[in-house]
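Here the structure comes first, spelled out in structure tokens, and everything after it is commentary.
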Amino acid sequence: MKTPRVIPAVLLAALAFAAALFTASLIGAAEVTAGAPAVPPPVAALLPIEHAVLTPPPQVPPPITRQYPARVVVKLEVVEKVGQLVDGVDYTYWTYGGTVPGSFIRIREGDEVEFHLANAAGSRLPHNIDLHAVTGPGGGATPSLTAPGQGTTFTFRALQAGLYVYHCATTPVATHVANGMYGLVLVEPKEGLPHVDREYYVMQGEFYTSGKYGEFGYQEFDATKALDERPTYVVFNGAVGSLTGKSALTANVGETVRLYFGVGGPNLSSSFHVIGETFDRVYAEGAYDRPARNVSTVLVPSGGTAVVELKADVPGSYALVDHSLSRAFDKGALGMLKVKGEPAPAVYAGADIDATYLGAHSDASAEAARNEAELTALFSVAVRADPKLAELSKDIQGERGKQVYLSLCYACHQIDGQGLPGAFPPLARSDYMLADRERAIRIVLKGLSGPVTVNGVSINSAMPPLEGILSDWQIADVLSYVYNAWGNEGAAFKPAEVKAIRQKNR
């Protein structure tokens with residue numbers, strides 16, 4: 001099997017900068033000069049000037065109330081920054097405004113837009129912006145090519161109302177988009193939009209990392225995976241868990257919620273769905289002329305959008321997912337809308353979503369992530385001579401392992417480790433598992449089928465192999481958790497132990 005090819009950051013930067021210089025030679029150096037003034041059409045000088053309010057996801061700027069066009073000044077900065085893709089995994093994002101997706105832009109049909117794009121001095125690469133709301137060659141990409149530490153300006157007229165994607169179009173385009181360079185621009189119709197109680201901004205995108213999903217540490221962009229369209233992560237708003245736990249969207253019973261949804265890509269479409277709700281109105285492709293009604297799932301292409309509205313009738317937790325479900329439950333494309341209010345038994349009398357259903361996206365997993373972060377902070381300042389240091393390290397590993405367990409193991413072995421009688425063996429106080437650490441590692445790596453006797457009871461079931469899914473770190477973490485949960489006691493597992501057995505059994 002070929003080892004995935006990872007392009008070094010220095011080589012990537014050199015290739016991108018060379019492409020940018022070639023593009024600049026075609027469009028003229030004046031268009032990439034810092035502070036070059038836009039030359040608006042004469043009619044723009046007669047319009048009142050407004051400065052656009054830009055918001056980070058999932059927030060949306062307030063509705064536009066004016067009844068006339070304006071000259072709207074938009075100022076957006078490109079920032080390259082390291083952020084957390086999932087708990088314990090760092091990644092260098094390329095962003096508009098410091099977030100993925102980029103800042104939400106809200107303008108009105110007929111506005112003359114004066115767009116200022118800056119590229120932070122700390123950036124390594126040139127960037128530009130292609131707005132699908134722009135009528136003109138390149139959508140603004142050519143005049144906005146901006147070197148690090150520089151700024152460019154161009155103008156356009158917002159001719160058509162709708163919700164549109166914007167993204168970077170600097171060569172290699174797919175690489176810039178895959179690193180987080182996309183966002184939404186809303187062009188409100190002249191007559192405005194119907195009133196709703198809450199508006200939110202959600203975008204789906206893919207990330208292609210050199211390591212497996214959840215593999216601990218800093219991860220590089222993997223060009224081979226991107227070319228093959230095999231994302232490691234498929235997420236909402238730039239990271240796993242960006243819309244869960246304390247970051248979940250909120251509403252009250254009786255309120256109408258509007259979601260501005262887009263797909264940055266660069267490759268996959270989305271089957272957007274809210275589990276337990278039906279969209280009252282769907283504006284497909286962000287077009288406002290003929291909304292569809294009573295739709296459950298909306299297909300949104302890469303580079304496309306949809307505006308969906310729903311009324312929150314019943315309190316509880318509602319999962320936002322890509323209904324290509326491996327992306328939702330195994331790669332991160334899952335968020336939450338939490339609705340508060342009085343029960344509505346005439347509409348629904350069932351239970352709320354629980355941890356068994358959500359697994360790695362449950363509150364229990366979020367709590368484990370918080371505990372891990374707190375323990376890691378303590379560990380970083382601990383004195384080497386502190387006798388509790390080794391115990392603290394094991395606790396950190398256990399909290400990471402709990403998140404892996406809730407992602408893959410809980411359905412069969414259950415949250416409490418008791419298994420399912422007659423079907424799946426217990427892990428809590430399991431004499432079979434605790435008796436042989438190497439065997440435990442081999443089972444996670446290679447799987448197990450056939451009868452086993454656990455605590456005096458024979459169970460005939462199957463355990464799938466996980467060697468192609470989990471890294472050495474993840475297997476060490478999850479076994480450390482299992483060996484110290486539900487009354488079990490054992491030493492922490494080391495990634496080197498797992499690696500040795502993985503290589504021995506090849």
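Naming scheme: A, B, ... for chains in displayed order of the structure tokens; residues 1 onward per chain; ligands 1 onward as shown.
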
| DSSP-assigned strand (DSSP E) among segment 239-289 of chain A, expressed as an MDAnalysis selection string | chainID A and resid 249:252 256:265 270:275 279:284

For the residues in the current selection, export N, CA and C atoms as a compact mmCIF listing (two decimals), in the first residue's frame.
# COMPACT_ATOMS: atom_id res chain seq x y z
N LEU A 249 -26.52 25.57 18.72
CA LEU A 249 -27.50 26.60 18.39
C LEU A 249 -28.67 26.49 19.37
N THR A 250 -29.35 27.59 19.62
CA THR A 250 -30.44 27.58 20.60
C THR A 250 -31.69 28.26 20.04
N ALA A 251 -32.83 27.87 20.57
CA ALA A 251 -34.11 28.49 20.22
C ALA A 251 -35.11 28.15 21.31
N ASN A 252 -36.25 28.79 21.27
CA ASN A 252 -37.34 28.52 22.19
C ASN A 252 -38.53 27.95 21.43
N THR A 256 -39.42 30.73 15.09
CA THR A 256 -39.04 30.33 13.75
C THR A 256 -37.54 30.56 13.59
N VAL A 257 -36.86 29.55 13.10
CA VAL A 257 -35.41 29.60 12.95
C VAL A 257 -35.05 29.52 11.46
N ARG A 258 -34.19 30.44 11.03
CA ARG A 258 -33.70 30.42 9.65
C ARG A 258 -32.22 30.05 9.66
N LEU A 259 -31.86 29.05 8.87
CA LEU A 259 -30.47 28.62 8.75
C LEU A 259 -29.96 28.98 7.36
N TYR A 260 -28.89 29.75 7.32
CA TYR A 260 -28.21 30.01 6.06
C TYR A 260 -27.11 28.95 5.93
N PHE A 261 -27.32 28.01 5.03
CA PHE A 261 -26.44 26.85 4.93
C PHE A 261 -25.70 26.86 3.60
N GLY A 262 -24.42 26.55 3.65
CA GLY A 262 -23.62 26.47 2.43
C GLY A 262 -22.61 25.35 2.52
N VAL A 263 -22.08 24.96 1.38
CA VAL A 263 -21.04 23.92 1.31
C VAL A 263 -19.80 24.54 0.67
N GLY A 264 -18.73 24.63 1.46
CA GLY A 264 -17.48 25.16 0.94
C GLY A 264 -16.74 24.16 0.08
N GLY A 265 -16.89 22.87 0.43
CA GLY A 265 -16.19 21.83 -0.31
C GLY A 265 -14.79 21.62 0.23
N SER A 270 -23.63 17.96 0.14
CA SER A 270 -24.19 17.66 1.45
C SER A 270 -25.68 17.33 1.34
N SER A 271 -26.11 16.33 2.09
CA SER A 271 -27.53 16.01 2.23
C SER A 271 -27.96 16.56 3.60
N PHE A 272 -28.26 17.84 3.65
CA PHE A 272 -28.47 18.53 4.93
C PHE A 272 -29.84 18.18 5.50
N HIS A 273 -29.84 17.82 6.79
CA HIS A 273 -31.05 17.33 7.45
C HIS A 273 -31.00 17.70 8.93
N VAL A 274 -32.14 18.00 9.51
CA VAL A 274 -32.24 18.21 10.95
C VAL A 274 -33.10 17.07 11.50
N ILE A 275 -32.50 16.22 12.32
CA ILE A 275 -33.20 15.03 12.81
C ILE A 275 -34.30 15.43 13.79
N PHE A 279 -38.33 21.02 7.40
CA PHE A 279 -38.18 22.41 7.01
C PHE A 279 -39.51 22.92 6.46
N ASP A 280 -40.01 23.97 7.09
CA ASP A 280 -41.27 24.56 6.63
C ASP A 280 -41.11 25.20 5.26
N ARG A 281 -39.96 25.85 5.05
CA ARG A 281 -39.66 26.46 3.75
C ARG A 281 -38.20 26.21 3.41
N VAL A 282 -37.95 25.92 2.14
CA VAL A 282 -36.59 25.73 1.65
C VAL A 282 -36.40 26.57 0.41
N TYR A 283 -35.42 27.46 0.46
CA TYR A 283 -35.05 28.25 -0.71
C TYR A 283 -33.81 27.57 -1.32
N ALA A 284 -34.07 26.67 -2.28
CA ALA A 284 -32.99 25.89 -2.87
C ALA A 284 -32.02 26.81 -3.60

| request: Would you mind listing what lies within 8 Å of Tyr218 of chain A as a PyMOL selection string, with only C-alpha atoms counted and same-chain residues fewer than 6 positions away left out? | output: chain A and resi 89-91

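As for atom CA of Ile501 of chain A and atom CA of Leu448 of chain A, they are spaced 15.4 Å apart.
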
| said: Applying 10 Å and only C-alpha atoms, which residues near Asp228 of chain A remain after dropping the ones on its own chain fewer than 4 positions away? List them as a ChimeraX atom specification. | reply: /A:223-224,267

| So which bits of segment 118-266 of chain A end up helix (DSSP H, G or I) when you DSSP the backbone, as an MDAnalysis selection string? | chainID A and resid 137:140 173:178 223:227 245:247

Could you write out the selected residues, including C-alpha atoms, as an mmCIF file, in the first residue's frame?
data_model
loop_
_atom_site.group_PDB
_atom_site.id
_atom_site.type_symbol
_atom_site.label_atom_id
_atom_site.label_comp_id
_atom_site.auth_asym_id
_atom_site.auth_seq_id
_atom_site.Cartn_x
_atom_site.Cartn_y
_atom_site.Cartn_z
ATOM 1 C CA PRO A 137 -14.991 37.431 -14.942
ATOM 2 C CA GLY A 138 -13.482 35.597 -11.982
ATOM 3 C CA GLY A 139 -16.018 36.939 -9.515
ATOM 4 C CA GLY A 140 -13.444 39.366 -8.130
ATOM 5 C CA VAL A 173 -7.597 26.547 -5.789
ATOM 6 C CA ALA A 174 -8.754 23.278 -4.201
ATOM 7 C CA THR A 175 -5.920 23.447 -1.656
ATOM 8 C CA HIS A 176 -6.879 26.950 -0.529
ATOM 9 C CA VAL A 177 -10.528 25.933 -0.163
ATOM 10 C CA ALA A 178 -9.642 22.678 1.595
ATOM 11 C CA ALA A 223 -2.585 16.481 -1.062
ATOM 12 C CA THR A 224 -3.055 12.852 -2.139
ATOM 13 C CA LYS A 225 -6.198 12.428 -0.049
ATOM 14 C CA ALA A 226 -7.541 15.699 -1.441
ATOM 15 C CA LEU A 227 -6.938 14.644 -5.056
ATOM 16 C CA GLY A 245 -22.238 21.268 23.753
ATOM 17 C CA LYS A 246 -21.918 24.877 24.870
ATOM 18 C CA SER A 247 -21.612 25.923 21.216
#

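Of the listed residues (A:Val498, A:Ala306, A:Val253, A:Leu320), A:Val253 comes nearest to Glu342 of chain A; the distances count only C-alpha atoms.
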
| note | Across A:Gln414, A:Thr99, A:Arg502, A:Asp477, the smallest distance to Leu445 of chain A, with only C-alpha atoms counted, is shown by A:Arg502

| message | Taking 6 positions as the minimum chain separation for residues in the same chain, which residues sit within 10 Å of Pro495 of chain A when counting only C-alpha atoms? Answer as a ChimeraX atom specification. | response | /A:471-477

| Contacts of segment 423-436 of chain A at 12 Å or less, counting only C-alpha atoms, minus same-chain residues fewer than 4 places along, as a PyMOL selection string? | chain A and resi 405+409-419+440-444+448-463+479-491

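Here atom CA of Arg370 of chain A is placed at a distance of 12.3 Å from atom CA of Val86 of chain A.
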
Close residues, Ile105 of chain A itself excluded, 8 Å, only C-alpha atoms, min 5 positions apart in chain, as a PDB file with C-alpha atoms, in the first residue's frame:
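Result file follows (selection_27.pdb):
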ATOM      1  CA  ALA A  52     -20.827  46.340   6.292  1.00  0.00           C
ATOM      2  CA  VAL A  53     -21.237  44.567   9.614  1.00  0.00           C
ATOM      3  CA  LEU A  54     -19.378  41.254   9.400  1.00  0.00           C
ATOM      4  CA  THR A  55     -20.014  38.429  11.856  1.00  0.00           C
ATOM      5  CA  PRO A  61     -25.539  40.373  10.817  1.00  0.00           C
ATOM      6  CA  LEU A 184     -21.288  33.152   2.609  1.00  0.00           C
ATOM      7  CA  VAL A 185     -22.546  36.455   1.256  1.00  0.00           C
ATOM      8  CA  LEU A 186     -26.264  37.218   1.496  1.00  0.00           C
TER       9      LEU A 186
END

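Distances here use only C-alpha atoms; by that measure, the residue among A:Phe236, A:Trp94, A:Phe207, A:Phe493 closest to Glu80 of chain A is A:Trp94.
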
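Using only C-alpha atoms, the smallest distance between any of A:Leu337, A:Met203, A:Ile396, A:Leu163 and Gly238 of chain A comes from A:Met203.
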
| said: Quick one: residues within 8 Å of Leu466 of chain A, only C-alpha atoms, excluding same-chain residues fewer than 2 positions away - as a list in words? | reply: Val444, Leu445, Lys446, Gly447, Pro464, Gly468, Ile469 and Leu470 of chain A

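For the choices A:Gly398, A:Glu285, A:Val196, A:Glu220, the atom-to-atom distance to Lys311 of chain A is smallest for A:Val196 when using only C-alpha atoms.
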